[in-house]
>>> print(open('start-v9.cif').read())   # mmCIF, N, CA and C atoms; chains and numbers go by the auth columns
data_query
#
loop_
_atom_site.group_PDB
_atom_site.id
_atom_site.type_symbol
_atom_site.label_atom_id
_atom_site.label_comp_id
_atom_site.label_asym_id
_atom_site.label_seq_id
_atom_site.Cartn_x
_atom_site.Cartn_y
_atom_site.Cartn_z
_atom_site.B_iso_or_equiv
_atom_site.auth_seq_id
_atom_site.auth_asym_id
ATOM 1 N N MET A 1 -8.751 -15.949 7.414 0.00 199 A
ATOM 2 C CA MET A 1 -9.543 -14.745 7.557 0.00 199 A
ATOM 3 C C MET A 1 -10.867 -14.959 6.835 0.00 199 A
ATOM 4 N N HIS A 2 -11.931 -14.580 7.461 0.00 200 A
ATOM 5 C CA HIS A 2 -13.270 -14.715 6.896 0.00 200 A
ATOM 6 C C HIS A 2 -13.427 -13.768 5.715 0.00 200 A
ATOM 7 N N ALA A 3 -14.106 -14.196 4.665 0.00 201 A
ATOM 8 C CA ALA A 3 -14.253 -13.404 3.438 0.00 201 A
ATOM 9 C C ALA A 3 -14.852 -12.039 3.698 0.00 201 A
ATOM 10 N N ALA A 4 -15.759 -11.923 4.645 0.00 202 A
ATOM 11 C CA ALA A 4 -16.396 -10.640 4.927 0.00 202 A
ATOM 12 C C ALA A 4 -15.402 -9.641 5.509 0.00 202 A
ATOM 13 N N ASN A 5 -14.328 -10.134 6.099 0.00 203 A
ATOM 14 C CA ASN A 5 -13.330 -9.254 6.701 0.00 203 A
ATOM 15 C C ASN A 5 -12.175 -8.943 5.764 0.00 203 A
ATOM 16 N N ASN A 6 -12.154 -9.523 4.580 0.00 204 A
ATOM 17 C CA ASN A 6 -11.046 -9.344 3.654 0.00 204 A
ATOM 18 C C ASN A 6 -11.496 -8.526 2.449 0.00 204 A
ATOM 19 N N PRO A 7 -11.165 -7.218 2.413 0.00 205 A
ATOM 20 C CA PRO A 7 -11.632 -6.358 1.320 0.00 205 A
ATOM 21 C C PRO A 7 -11.018 -6.675 -0.033 0.00 205 A
ATOM 22 N N CYS A 8 -9.994 -7.538 -0.076 0.00 206 A
ATOM 23 C CA CYS A 8 -9.354 -7.885 -1.347 0.00 206 A
ATOM 24 C C CYS A 8 -9.691 -9.303 -1.774 0.00 206 A
ATOM 25 N N GLN A 9 -10.752 -9.864 -1.245 0.00 207 A
ATOM 26 C CA GLN A 9 -11.138 -11.241 -1.558 0.00 207 A
ATOM 27 C C GLN A 9 -11.265 -11.436 -3.058 0.00 207 A
ATOM 28 N N ASP A 10 -10.634 -12.449 -3.580 0.00 208 A
ATOM 29 C CA ASP A 10 -10.685 -12.798 -5.002 0.00 208 A
ATOM 30 C C ASP A 10 -10.243 -11.663 -5.916 0.00 208 A
ATOM 31 N N GLY A 11 -9.344 -10.812 -5.431 0.00 209 A
ATOM 32 C CA GLY A 11 -8.822 -9.734 -6.263 0.00 209 A
ATOM 33 C C GLY A 11 -9.756 -8.564 -6.449 0.00 209 A
ATOM 34 N N VAL A 12 -10.885 -8.555 -5.768 0.00 210 A
ATOM 35 C CA VAL A 12 -11.852 -7.467 -5.890 0.00 210 A
ATOM 36 C C VAL A 12 -11.668 -6.527 -4.712 0.00 210 A
ATOM 37 N N VAL A 13 -11.511 -5.248 -5.001 0.00 211 A
ATOM 38 C CA VAL A 13 -11.318 -4.247 -3.957 0.00 211 A
ATOM 39 C C VAL A 13 -12.677 -3.748 -3.501 0.00 211 A
ATOM 40 N N SER A 14 -12.915 -3.817 -2.212 0.00 212 A
ATOM 41 C CA SER A 14 -14.183 -3.330 -1.665 0.00 212 A
ATOM 42 C C SER A 14 -14.012 -1.912 -1.135 0.00 212 A
ATOM 43 N N PRO A 15 -15.109 -1.239 -0.809 0.00 213 A
ATOM 44 C CA PRO A 15 -15.025 0.126 -0.289 0.00 213 A
ATOM 45 C C PRO A 15 -14.281 0.248 1.031 0.00 213 A
ATOM 46 N N ALA A 16 -13.978 -0.871 1.696 0.00 214 A
ATOM 47 C CA ALA A 16 -13.267 -0.810 2.969 0.00 214 A
ATOM 48 C C ALA A 16 -11.830 -0.306 2.793 0.00 214 A
ATOM 49 N N ILE A 17 -11.296 -0.382 1.593 0.00 215 A
ATOM 50 C CA ILE A 17 -9.936 0.105 1.333 0.00 215 A
ATOM 51 C C ILE A 17 -9.999 1.600 1.046 0.00 215 A
ATOM 52 N N GLU A 18 -9.123 2.338 1.681 0.00 216 A
ATOM 53 C CA GLU A 18 -9.100 3.782 1.470 0.00 216 A
ATOM 54 C C GLU A 18 -8.409 4.105 0.153 0.00 216 A
ATOM 55 N N LEU A 19 -9.058 4.919 -0.649 0.00 217 A
ATOM 56 C CA LEU A 19 -8.533 5.289 -1.960 0.00 217 A
ATOM 57 C C LEU A 19 -7.165 5.946 -1.846 0.00 217 A
ATOM 58 N N ARG A 20 -6.954 6.741 -0.818 0.00 218 A
ATOM 59 C CA ARG A 20 -5.649 7.411 -0.674 0.00 218 A
ATOM 60 C C ARG A 20 -4.529 6.393 -0.494 0.00 218 A
ATOM 61 N N HIS A 21 -4.803 5.276 0.180 0.00 219 A
ATOM 62 C CA HIS A 21 -3.772 4.249 0.343 0.00 219 A
ATOM 63 C C HIS A 21 -3.404 3.641 -1.006 0.00 219 A
ATOM 64 N N LEU A 22 -4.396 3.456 -1.869 0.00 220 A
ATOM 65 C CA LEU A 22 -4.112 2.953 -3.214 0.00 220 A
ATOM 66 C C LEU A 22 -3.305 3.963 -4.021 0.00 220 A
ATOM 67 N N ARG A 23 -3.611 5.239 -3.858 0.00 221 A
ATOM 68 C CA ARG A 23 -2.844 6.285 -4.557 0.00 221 A
ATOM 69 C C ARG A 23 -1.395 6.297 -4.083 0.00 221 A
ATOM 70 N N TYR A 24 -1.187 6.153 -2.786 0.00 222 A
ATOM 71 C CA TYR A 24 0.171 6.138 -2.252 0.00 222 A
ATOM 72 C C TYR A 24 0.928 4.917 -2.773 0.00 222 A
ATOM 73 N N PHE A 25 0.268 3.766 -2.784 0.00 223 A
ATOM 74 C CA PHE A 25 0.889 2.554 -3.306 0.00 223 A
ATOM 75 C C PHE A 25 1.273 2.738 -4.771 0.00 223 A
ATOM 76 N N ALA A 26 0.380 3.323 -5.568 0.00 224 A
ATOM 77 C CA ALA A 26 0.669 3.566 -6.986 0.00 224 A
ATOM 78 C C ALA A 26 1.887 4.473 -7.133 0.00 224 A
ATOM 79 N N ALA A 27 2.010 5.472 -6.275 0.00 225 A
ATOM 80 C CA ALA A 27 3.163 6.378 -6.340 0.00 225 A
ATOM 81 C C ALA A 27 4.459 5.626 -6.044 0.00 225 A
ATOM 82 N N VAL A 28 4.432 4.703 -5.075 0.00 226 A
ATOM 83 C CA VAL A 28 5.630 3.916 -4.758 0.00 226 A
ATOM 84 C C VAL A 28 6.019 3.055 -5.958 0.00 226 A
ATOM 85 N N VAL A 29 5.032 2.446 -6.596 0.00 227 A
ATOM 86 C CA VAL A 29 5.320 1.619 -7.775 0.00 227 A
ATOM 87 C C VAL A 29 5.913 2.478 -8.888 0.00 227 A
ATOM 88 N N GLN A 30 5.318 3.649 -9.130 0.00 228 A
ATOM 89 C CA GLN A 30 5.781 4.522 -10.207 0.00 228 A
ATOM 90 C C GLN A 30 7.169 5.087 -9.929 0.00 228 A
ATOM 91 N N GLU A 31 7.425 5.482 -8.700 0.00 229 A
ATOM 92 C CA GLU A 31 8.697 6.124 -8.358 0.00 229 A
ATOM 93 C C GLU A 31 9.799 5.116 -8.045 0.00 229 A
ATOM 94 N N GLY A 32 9.428 3.932 -7.590 0.00 230 A
ATOM 95 C CA GLY A 32 10.418 2.906 -7.297 0.00 230 A
ATOM 96 C C GLY A 32 10.902 2.847 -5.865 0.00 230 A
ATOM 97 N N THR A 33 10.726 3.933 -5.100 0.00 231 A
ATOM 98 C CA THR A 33 11.108 3.938 -3.687 0.00 231 A
ATOM 99 C C THR A 33 10.063 4.687 -2.881 0.00 231 A
ATOM 100 N N PHE A 34 9.984 4.346 -1.605 0.00 232 A
ATOM 101 C CA PHE A 34 9.075 5.048 -0.704 0.00 232 A
ATOM 102 C C PHE A 34 9.474 6.520 -0.585 0.00 232 A
ATOM 103 N N THR A 35 10.771 6.783 -0.517 0.00 233 A
ATOM 104 C CA THR A 35 11.253 8.154 -0.340 0.00 233 A
ATOM 105 C C THR A 35 10.886 9.031 -1.533 0.00 233 A
ATOM 106 N N ALA A 36 11.120 8.544 -2.748 0.00 234 A
ATOM 107 C CA ALA A 36 10.792 9.326 -3.945 0.00 234 A
ATOM 108 C C ALA A 36 9.288 9.548 -4.055 0.00 234 A
ATOM 109 N N ALA A 37 8.502 8.526 -3.729 0.00 235 A
ATOM 110 C CA ALA A 37 7.042 8.669 -3.772 0.00 235 A
ATOM 111 C C ALA A 37 6.574 9.682 -2.740 0.00 235 A
ATOM 112 N N ALA A 38 7.138 9.617 -1.547 0.00 236 A
ATOM 113 C CA ALA A 38 6.767 10.559 -0.498 0.00 236 A
ATOM 114 C C ALA A 38 7.133 11.987 -0.898 0.00 236 A
ATOM 115 N N ASP A 39 8.310 12.168 -1.474 0.00 237 A
ATOM 116 C CA ASP A 39 8.726 13.500 -1.932 0.00 237 A
ATOM 117 C C ASP A 39 7.758 14.030 -2.985 0.00 237 A
ATOM 118 N N ARG A 40 7.383 13.188 -3.931 0.00 238 A
ATOM 119 C CA ARG A 40 6.460 13.598 -4.992 0.00 238 A
ATOM 120 C C ARG A 40 5.113 14.041 -4.438 0.00 238 A
ATOM 121 N N LEU A 41 4.650 13.358 -3.391 0.00 239 A
ATOM 122 C CA LEU A 41 3.338 13.665 -2.825 0.00 239 A
ATOM 123 C C LEU A 41 3.395 14.639 -1.656 0.00 239 A
ATOM 124 N N GLY A 42 4.596 15.099 -1.330 0.00 240 A
ATOM 125 C CA GLY A 42 4.740 16.101 -0.271 0.00 240 A
ATOM 126 C C GLY A 42 4.480 15.559 1.119 0.00 240 A
ATOM 127 N N MET A 43 4.921 14.341 1.357 0.00 241 A
ATOM 128 C CA MET A 43 4.748 13.755 2.687 0.00 241 A
ATOM 129 C C MET A 43 6.062 13.117 3.106 0.00 241 A
ATOM 130 N N THR A 44 6.147 12.685 4.345 0.00 242 A
ATOM 131 C CA THR A 44 7.374 12.054 4.817 0.00 242 A
ATOM 132 C C THR A 44 7.412 10.595 4.392 0.00 242 A
ATOM 133 N N GLN A 45 8.623 10.037 4.359 0.00 243 A
ATOM 134 C CA GLN A 45 8.785 8.626 4.024 0.00 243 A
ATOM 135 C C GLN A 45 8.087 7.763 5.067 0.00 243 A
ATOM 136 N N LEU A 46 8.145 8.163 6.328 0.00 244 A
ATOM 137 C CA LEU A 46 7.497 7.399 7.395 0.00 244 A
ATOM 138 C C LEU A 46 5.981 7.353 7.187 0.00 244 A
ATOM 139 N N ALA A 47 5.388 8.487 6.836 0.00 245 A
ATOM 140 C CA ALA A 47 3.941 8.521 6.585 0.00 245 A
ATOM 141 C C ALA A 47 3.576 7.650 5.390 0.00 245 A
ATOM 142 N N MET A 48 4.420 7.672 4.361 0.00 246 A
ATOM 143 C CA MET A 48 4.182 6.848 3.173 0.00 246 A
ATOM 144 C C MET A 48 4.255 5.368 3.541 0.00 246 A
ATOM 145 N N SER A 49 5.266 4.983 4.285 0.00 247 A
ATOM 146 C CA SER A 49 5.437 3.600 4.694 0.00 247 A
ATOM 147 C C SER A 49 4.256 3.132 5.541 0.00 247 A
ATOM 148 N N ARG A 50 3.798 3.972 6.447 0.00 248 A
ATOM 149 C CA ARG A 50 2.648 3.620 7.295 0.00 248 A
ATOM 150 C C ARG A 50 1.379 3.464 6.462 0.00 248 A
ATOM 151 N N ALA A 51 1.196 4.306 5.452 0.00 249 A
ATOM 152 C CA ALA A 51 0.013 4.217 4.600 0.00 249 A
ATOM 153 C C ALA A 51 0.006 2.912 3.808 0.00 249 A
ATOM 154 N N VAL A 52 1.167 2.523 3.277 0.00 250 A
ATOM 155 C CA VAL A 52 1.252 1.268 2.529 0.00 250 A
ATOM 156 C C VAL A 52 1.038 0.097 3.479 0.00 250 A
ATOM 157 N N ARG A 53 1.567 0.193 4.688 0.00 251 A
ATOM 158 C CA ARG A 53 1.340 -0.855 5.688 0.00 251 A
ATOM 159 C C ARG A 53 -0.147 -0.960 6.024 0.00 251 A
ATOM 160 N N ALA A 54 -0.845 0.186 6.106 0.00 252 A
ATOM 161 C CA ALA A 54 -2.290 0.177 6.359 0.00 252 A
ATOM 162 C C ALA A 54 -3.026 -0.523 5.215 0.00 252 A
ATOM 163 N N LEU A 55 -2.596 -0.275 3.972 0.00 253 A
ATOM 164 C CA LEU A 55 -3.192 -0.954 2.824 0.00 253 A
ATOM 165 C C LEU A 55 -2.988 -2.470 2.942 0.00 253 A
ATOM 166 N N GLU A 56 -1.803 -2.866 3.366 0.00 254 A
ATOM 167 C CA GLU A 56 -1.532 -4.290 3.551 0.00 254 A
ATOM 168 C C GLU A 56 -2.464 -4.896 4.600 0.00 254 A
ATOM 169 N N ARG A 57 -2.702 -4.167 5.686 0.00 255 A
ATOM 170 C CA ARG A 57 -3.633 -4.657 6.712 0.00 255 A
ATOM 171 C C ARG A 57 -5.047 -4.748 6.152 0.00 255 A
ATOM 172 N N GLU A 58 -5.453 -3.749 5.369 0.00 256 A
ATOM 173 C CA GLU A 58 -6.792 -3.744 4.788 0.00 256 A
ATOM 174 C C GLU A 58 -6.993 -4.932 3.851 0.00 256 A
ATOM 175 N N CYS A 59 -5.942 -5.299 3.121 0.00 257 A
ATOM 176 C CA CYS A 59 -6.018 -6.424 2.177 0.00 257 A
ATOM 177 C C CYS A 59 -5.775 -7.764 2.852 0.00 257 A
ATOM 178 N N GLY A 60 -5.161 -7.732 4.009 0.00 258 A
ATOM 179 C CA GLY A 60 -4.857 -8.974 4.699 0.00 258 A
ATOM 180 C C GLY A 60 -3.651 -9.699 4.135 0.00 258 A
ATOM 181 N N ARG A 61 -2.827 -8.989 3.374 0.00 259 A
ATOM 182 C CA ARG A 61 -1.604 -9.582 2.810 0.00 259 A
ATOM 183 C C ARG A 61 -0.608 -8.484 2.469 0.00 259 A
ATOM 184 N N ARG A 62 0.656 -8.888 2.334 0.00 260 A
ATOM 185 C CA ARG A 62 1.691 -7.927 1.949 0.00 260 A
ATOM 186 C C ARG A 62 1.547 -7.587 0.478 0.00 260 A
ATOM 187 N N VAL A 63 1.727 -6.344 0.149 0.00 261 A
ATOM 188 C CA VAL A 63 1.653 -5.918 -1.249 0.00 261 A
ATOM 189 C C VAL A 63 3.021 -5.484 -1.769 0.00 261 A
ATOM 190 N N ARG A 64 4.008 -5.365 -0.899 0.00 262 A
ATOM 191 C CA ARG A 64 5.348 -4.930 -1.291 0.00 262 A
ATOM 192 C C ARG A 64 6.387 -5.802 -0.622 0.00 262 A
ATOM 193 N N CYS A 65 7.497 -6.004 -1.314 0.00 263 A
ATOM 194 C CA CYS A 65 8.686 -6.598 -0.711 0.00 263 A
ATOM 195 C C CYS A 65 9.626 -5.438 -0.432 0.00 263 A
ATOM 196 N N ARG A 66 9.933 -5.231 0.822 0.00 264 A
ATOM 197 C CA ARG A 66 10.831 -4.134 1.162 0.00 264 A
ATOM 198 C C ARG A 66 12.258 -4.658 1.161 0.00 264 A
ATOM 199 N N ALA A 67 13.122 -3.933 0.486 0.00 265 A
ATOM 200 C CA ALA A 67 14.532 -4.326 0.413 0.00 265 A
ATOM 201 C C ALA A 67 15.377 -3.064 0.476 0.00 265 A
ATOM 202 N N GLY A 68 16.607 -3.194 0.921 0.00 266 A
ATOM 203 C CA GLY A 68 17.503 -2.057 0.994 0.00 266 A
ATOM 204 C C GLY A 68 17.647 -1.358 -0.348 0.00 266 A
ATOM 205 N N GLY A 69 17.513 -0.044 -0.353 0.00 267 A
ATOM 206 C CA GLY A 69 17.702 0.724 -1.571 0.00 267 A
ATOM 207 C C GLY A 69 16.490 0.788 -2.472 0.00 267 A
ATOM 208 N N GLY A 70 15.377 0.218 -2.058 0.00 268 A
ATOM 209 C CA GLY A 70 14.200 0.296 -2.912 0.00 268 A
ATOM 210 C C GLY A 70 13.108 -0.645 -2.478 0.00 268 A
ATOM 211 N N SER A 71 12.135 -0.788 -3.352 0.00 269 A
ATOM 212 C CA SER A 71 10.988 -1.613 -3.049 0.00 269 A
ATOM 213 C C SER A 71 10.526 -2.267 -4.337 0.00 269 A
ATOM 214 N N ALA A 72 10.112 -3.492 -4.264 0.00 270 A
ATOM 215 C CA ALA A 72 9.673 -4.206 -5.475 0.00 270 A
ATOM 216 C C ALA A 72 8.318 -4.850 -5.231 0.00 270 A
ATOM 217 N N ARG A 73 7.516 -4.939 -6.298 0.00 271 A
ATOM 218 C CA ARG A 73 6.206 -5.577 -6.195 0.00 271 A
ATOM 219 C C ARG A 73 6.364 -7.049 -5.884 0.00 271 A
ATOM 220 N N ARG A 74 5.403 -7.576 -5.130 0.00 272 A
ATOM 221 C CA ARG A 74 5.386 -9.027 -4.864 0.00 272 A
ATOM 222 C C ARG A 74 4.805 -9.740 -6.066 0.00 272 A
ATOM 223 N N SER A 75 5.318 -10.922 -6.338 0.00 273 A
ATOM 224 C CA SER A 75 4.795 -11.711 -7.452 0.00 273 A
ATOM 225 C C SER A 75 3.524 -12.400 -7.043 0.00 273 A
#
>>> encode(input="start-v9.cif", output="structure tokens")
Amino acid sequence: MHAANNPCQDGVVSPAIELRHLRYFAAVVQEGTFTAAADRLGMTQLAMSRAVRALERECGRRVRCRAGGGSARRS
């Protein structure tokens, strides 16, 4: 992927990433599951999952490892 198309190049977040997607991701990390994060923010688990997936597309890489019963940060 060309650097101009990757908003997370070298660990720097560019304005191309939506702030709400980062907030949703932070909620998943804090709560430990997509469902708990979605409940806290008053949205559905599906909407939360789609928002995190959108963040992954914006960054050009996966930011979460999805596993049964929860979610864990990627190393």
>>> atom_distance(input="start-v9.cif", atom1="atom N of Val250 of chain A", atom2="atom CA of His219 of chain A")
6.0 Å
>>> residues_around(input="start-v9.cif", residues="Ala234 of chain A", least_positions_apart="5", cutoff="9 Å", atoms="only C-alpha atoms", output="CSV table (one decimal) with N, CA and C atoms, in the frame of the given file")
chain,number,residue,atom,x,y,z
A,225,ALA,N,2.0,5.5,-6.3
A,225,ALA,CA,3.2,6.4,-6.3
A,225,ALA,C,4.5,5.6,-6.0
A,226,VAL,N,4.4,4.7,-5.1
A,226,VAL,CA,5.6,3.9,-4.8
A,226,VAL,C,6.0,3.1,-6.0
A,229,GLU,N,7.4,5.5,-8.7
A,229,GLU,CA,8.7,6.1,-8.4
A,229,GLU,C,9.8,5.1,-8.0
A,239,LEU,N,4.6,13.4,-3.4
A,239,LEU,CA,3.3,13.7,-2.8
A,239,LEU,C,3.4,14.6,-1.7
A,243,GLN,N,8.6,10.0,4.4
A,243,GLN,CA,8.8,8.6,4.0
A,243,GLN,C,8.1,7.8,5.1
>>> residues_around(input="start-v9.cif", residues="Tyr222 of chain A", least_positions_apart="2", cutoff="8 Å", atoms="all atoms listed in the file", output="MDAnalysis selection string")
chainID A and resid 217:220 224:228 235:236 246 249:250
>>> atom_distance(input="start-v9.cif", atom1="atom CA of Gly258 of chain A", atom2="atom CA of Ala245 of chain A")
19.7 Å
>>> atom_distance(input="start-v9.cif", atom1="atom C of Leu253 of chain A", atom2="atom N of Ile215 of chain A")
8.7 Å
>>> build_atoms(input="start-v9.cif", residues="segment 239-250 of chain A", atoms="all heavy atoms", output="PDB file, keeping the file's coordinate frame")
ATOM      1  N   LEU A 239       4.650  13.358  -3.391  1.00  0.00           N
ATOM      2  CA  LEU A 239       3.338  13.665  -2.825  1.00  0.00           C
ATOM      3  C   LEU A 239       3.395  14.639  -1.656  1.00  0.00           C
ATOM      4  O   LEU A 239       2.367  14.947  -1.053  1.00  0.00           O
ATOM      5  CB  LEU A 239       2.646  12.366  -2.399  1.00  0.00           C
ATOM      6  CG  LEU A 239       2.340  11.398  -3.551  1.00  0.00           C
ATOM      7  CD1 LEU A 239       1.752  10.108  -3.015  1.00  0.00           C
ATOM      8  CD2 LEU A 239       1.406  12.037  -4.561  1.00  0.00           C
ATOM      9  N   GLY A 240       4.596  15.099  -1.330  1.00  0.00           N
ATOM     10  CA  GLY A 240       4.740  16.101  -0.271  1.00  0.00           C
ATOM     11  C   GLY A 240       4.480  15.559   1.119  1.00  0.00           C
ATOM     12  O   GLY A 240       3.905  16.245   1.963  1.00  0.00           O
ATOM     13  N   MET A 241       4.921  14.341   1.357  1.00  0.00           N
ATOM     14  CA  MET A 241       4.748  13.755   2.687  1.00  0.00           C
ATOM     15  C   MET A 241       6.062  13.117   3.106  1.00  0.00           C
ATOM     16  O   MET A 241       6.996  13.040   2.323  1.00  0.00           O
ATOM     17  CB  MET A 241       3.611  12.716   2.672  1.00  0.00           C
ATOM     18  CG  MET A 241       3.809  11.577   1.694  1.00  0.00           C
ATOM     19  SD  MET A 241       2.335  10.584   1.344  1.00  0.00           S
ATOM     20  CE  MET A 241       1.837   9.994   2.915  1.00  0.00           C
ATOM     21  N   THR A 242       6.147  12.685   4.345  1.00  0.00           N
ATOM     22  CA  THR A 242       7.374  12.054   4.817  1.00  0.00           C
ATOM     23  C   THR A 242       7.412  10.595   4.392  1.00  0.00           C
ATOM     24  O   THR A 242       6.376   9.978   4.132  1.00  0.00           O
ATOM     25  CB  THR A 242       7.501  12.125   6.355  1.00  0.00           C
ATOM     26  OG1 THR A 242       6.468  11.320   6.936  1.00  0.00           O
ATOM     27  CG2 THR A 242       7.408  13.568   6.859  1.00  0.00           C
ATOM     28  N   GLN A 243       8.623  10.037   4.359  1.00  0.00           N
ATOM     29  CA  GLN A 243       8.785   8.626   4.024  1.00  0.00           C
ATOM     30  C   GLN A 243       8.087   7.763   5.067  1.00  0.00           C
ATOM     31  O   GLN A 243       7.479   6.750   4.732  1.00  0.00           O
ATOM     32  CB  GLN A 243      10.270   8.286   3.924  1.00  0.00           C
ATOM     33  CG  GLN A 243      10.565   6.852   3.509  1.00  0.00           C
ATOM     34  CD  GLN A 243      10.535   5.863   4.673  1.00  0.00           C
ATOM     35  OE1 GLN A 243      10.824   6.217   5.811  1.00  0.00           O
ATOM     36  NE2 GLN A 243      10.177   4.639   4.381  1.00  0.00           N
ATOM     37  N   LEU A 244       8.145   8.163   6.328  1.00  0.00           N
ATOM     38  CA  LEU A 244       7.497   7.399   7.395  1.00  0.00           C
ATOM     39  C   LEU A 244       5.981   7.353   7.187  1.00  0.00           C
ATOM     40  O   LEU A 244       5.363   6.292   7.311  1.00  0.00           O
ATOM     41  CB  LEU A 244       7.835   8.004   8.759  1.00  0.00           C
ATOM     42  CG  LEU A 244       7.198   7.318   9.968  1.00  0.00           C
ATOM     43  CD1 LEU A 244       7.622   5.851  10.046  1.00  0.00           C
ATOM     44  CD2 LEU A 244       7.574   8.060  11.237  1.00  0.00           C
ATOM     45  N   ALA A 245       5.388   8.487   6.836  1.00  0.00           N
ATOM     46  CA  ALA A 245       3.941   8.521   6.585  1.00  0.00           C
ATOM     47  C   ALA A 245       3.576   7.650   5.390  1.00  0.00           C
ATOM     48  O   ALA A 245       2.560   6.939   5.397  1.00  0.00           O
ATOM     49  CB  ALA A 245       3.472   9.957   6.364  1.00  0.00           C
ATOM     50  N   MET A 246       4.420   7.672   4.361  1.00  0.00           N
ATOM     51  CA  MET A 246       4.182   6.848   3.173  1.00  0.00           C
ATOM     52  C   MET A 246       4.255   5.368   3.541  1.00  0.00           C
ATOM     53  O   MET A 246       3.391   4.575   3.158  1.00  0.00           O
ATOM     54  CB  MET A 246       5.213   7.172   2.088  1.00  0.00           C
ATOM     55  CG  MET A 246       5.102   6.307   0.853  1.00  0.00           C
ATOM     56  SD  MET A 246       3.581   6.523  -0.066  1.00  0.00           S
ATOM     57  CE  MET A 246       3.851   8.150  -0.752  1.00  0.00           C
ATOM     58  N   SER A 247       5.266   4.983   4.285  1.00  0.00           N
ATOM     59  CA  SER A 247       5.437   3.600   4.694  1.00  0.00           C
ATOM     60  C   SER A 247       4.256   3.132   5.541  1.00  0.00           C
ATOM     61  O   SER A 247       3.733   2.027   5.358  1.00  0.00           O
ATOM     62  CB  SER A 247       6.744   3.446   5.472  1.00  0.00           C
ATOM     63  OG  SER A 247       6.957   2.104   5.829  1.00  0.00           O
ATOM     64  N   ARG A 248       3.798   3.972   6.447  1.00  0.00           N
ATOM     65  CA  ARG A 248       2.648   3.620   7.295  1.00  0.00           C
ATOM     66  C   ARG A 248       1.379   3.464   6.462  1.00  0.00           C
ATOM     67  O   ARG A 248       0.559   2.592   6.732  1.00  0.00           O
ATOM     68  CB  ARG A 248       2.448   4.662   8.377  1.00  0.00           C
ATOM     69  CG  ARG A 248       3.487   4.574   9.469  1.00  0.00           C
ATOM     70  CD  ARG A 248       3.278   5.602  10.530  1.00  0.00           C
ATOM     71  NE  ARG A 248       4.248   5.433  11.601  1.00  0.00           N
ATOM     72  CZ  ARG A 248       4.480   6.323  12.531  1.00  0.00           C
ATOM     73  NH1 ARG A 248       3.813   7.463  12.556  1.00  0.00           N
ATOM     74  NH2 ARG A 248       5.374   6.089  13.464  1.00  0.00           N
ATOM     75  N   ALA A 249       1.196   4.306   5.452  1.00  0.00           N
ATOM     76  CA  ALA A 249       0.013   4.217   4.600  1.00  0.00           C
ATOM     77  C   ALA A 249       0.006   2.912   3.808  1.00  0.00           C
ATOM     78  O   ALA A 249      -1.025   2.255   3.690  1.00  0.00           O
ATOM     79  CB  ALA A 249      -0.063   5.415   3.665  1.00  0.00           C
ATOM     80  N   VAL A 250       1.167   2.523   3.277  1.00  0.00           N
ATOM     81  CA  VAL A 250       1.252   1.268   2.529  1.00  0.00           C
ATOM     82  C   VAL A 250       1.038   0.097   3.479  1.00  0.00           C
ATOM     83  O   VAL A 250       0.358  -0.882   3.142  1.00  0.00           O
ATOM     84  CB  VAL A 250       2.585   1.158   1.761  1.00  0.00           C
ATOM     85  CG1 VAL A 250       2.753  -0.227   1.150  1.00  0.00           C
ATOM     86  CG2 VAL A 250       2.644   2.224   0.674  1.00  0.00           C
TER      87      VAL A 250
END
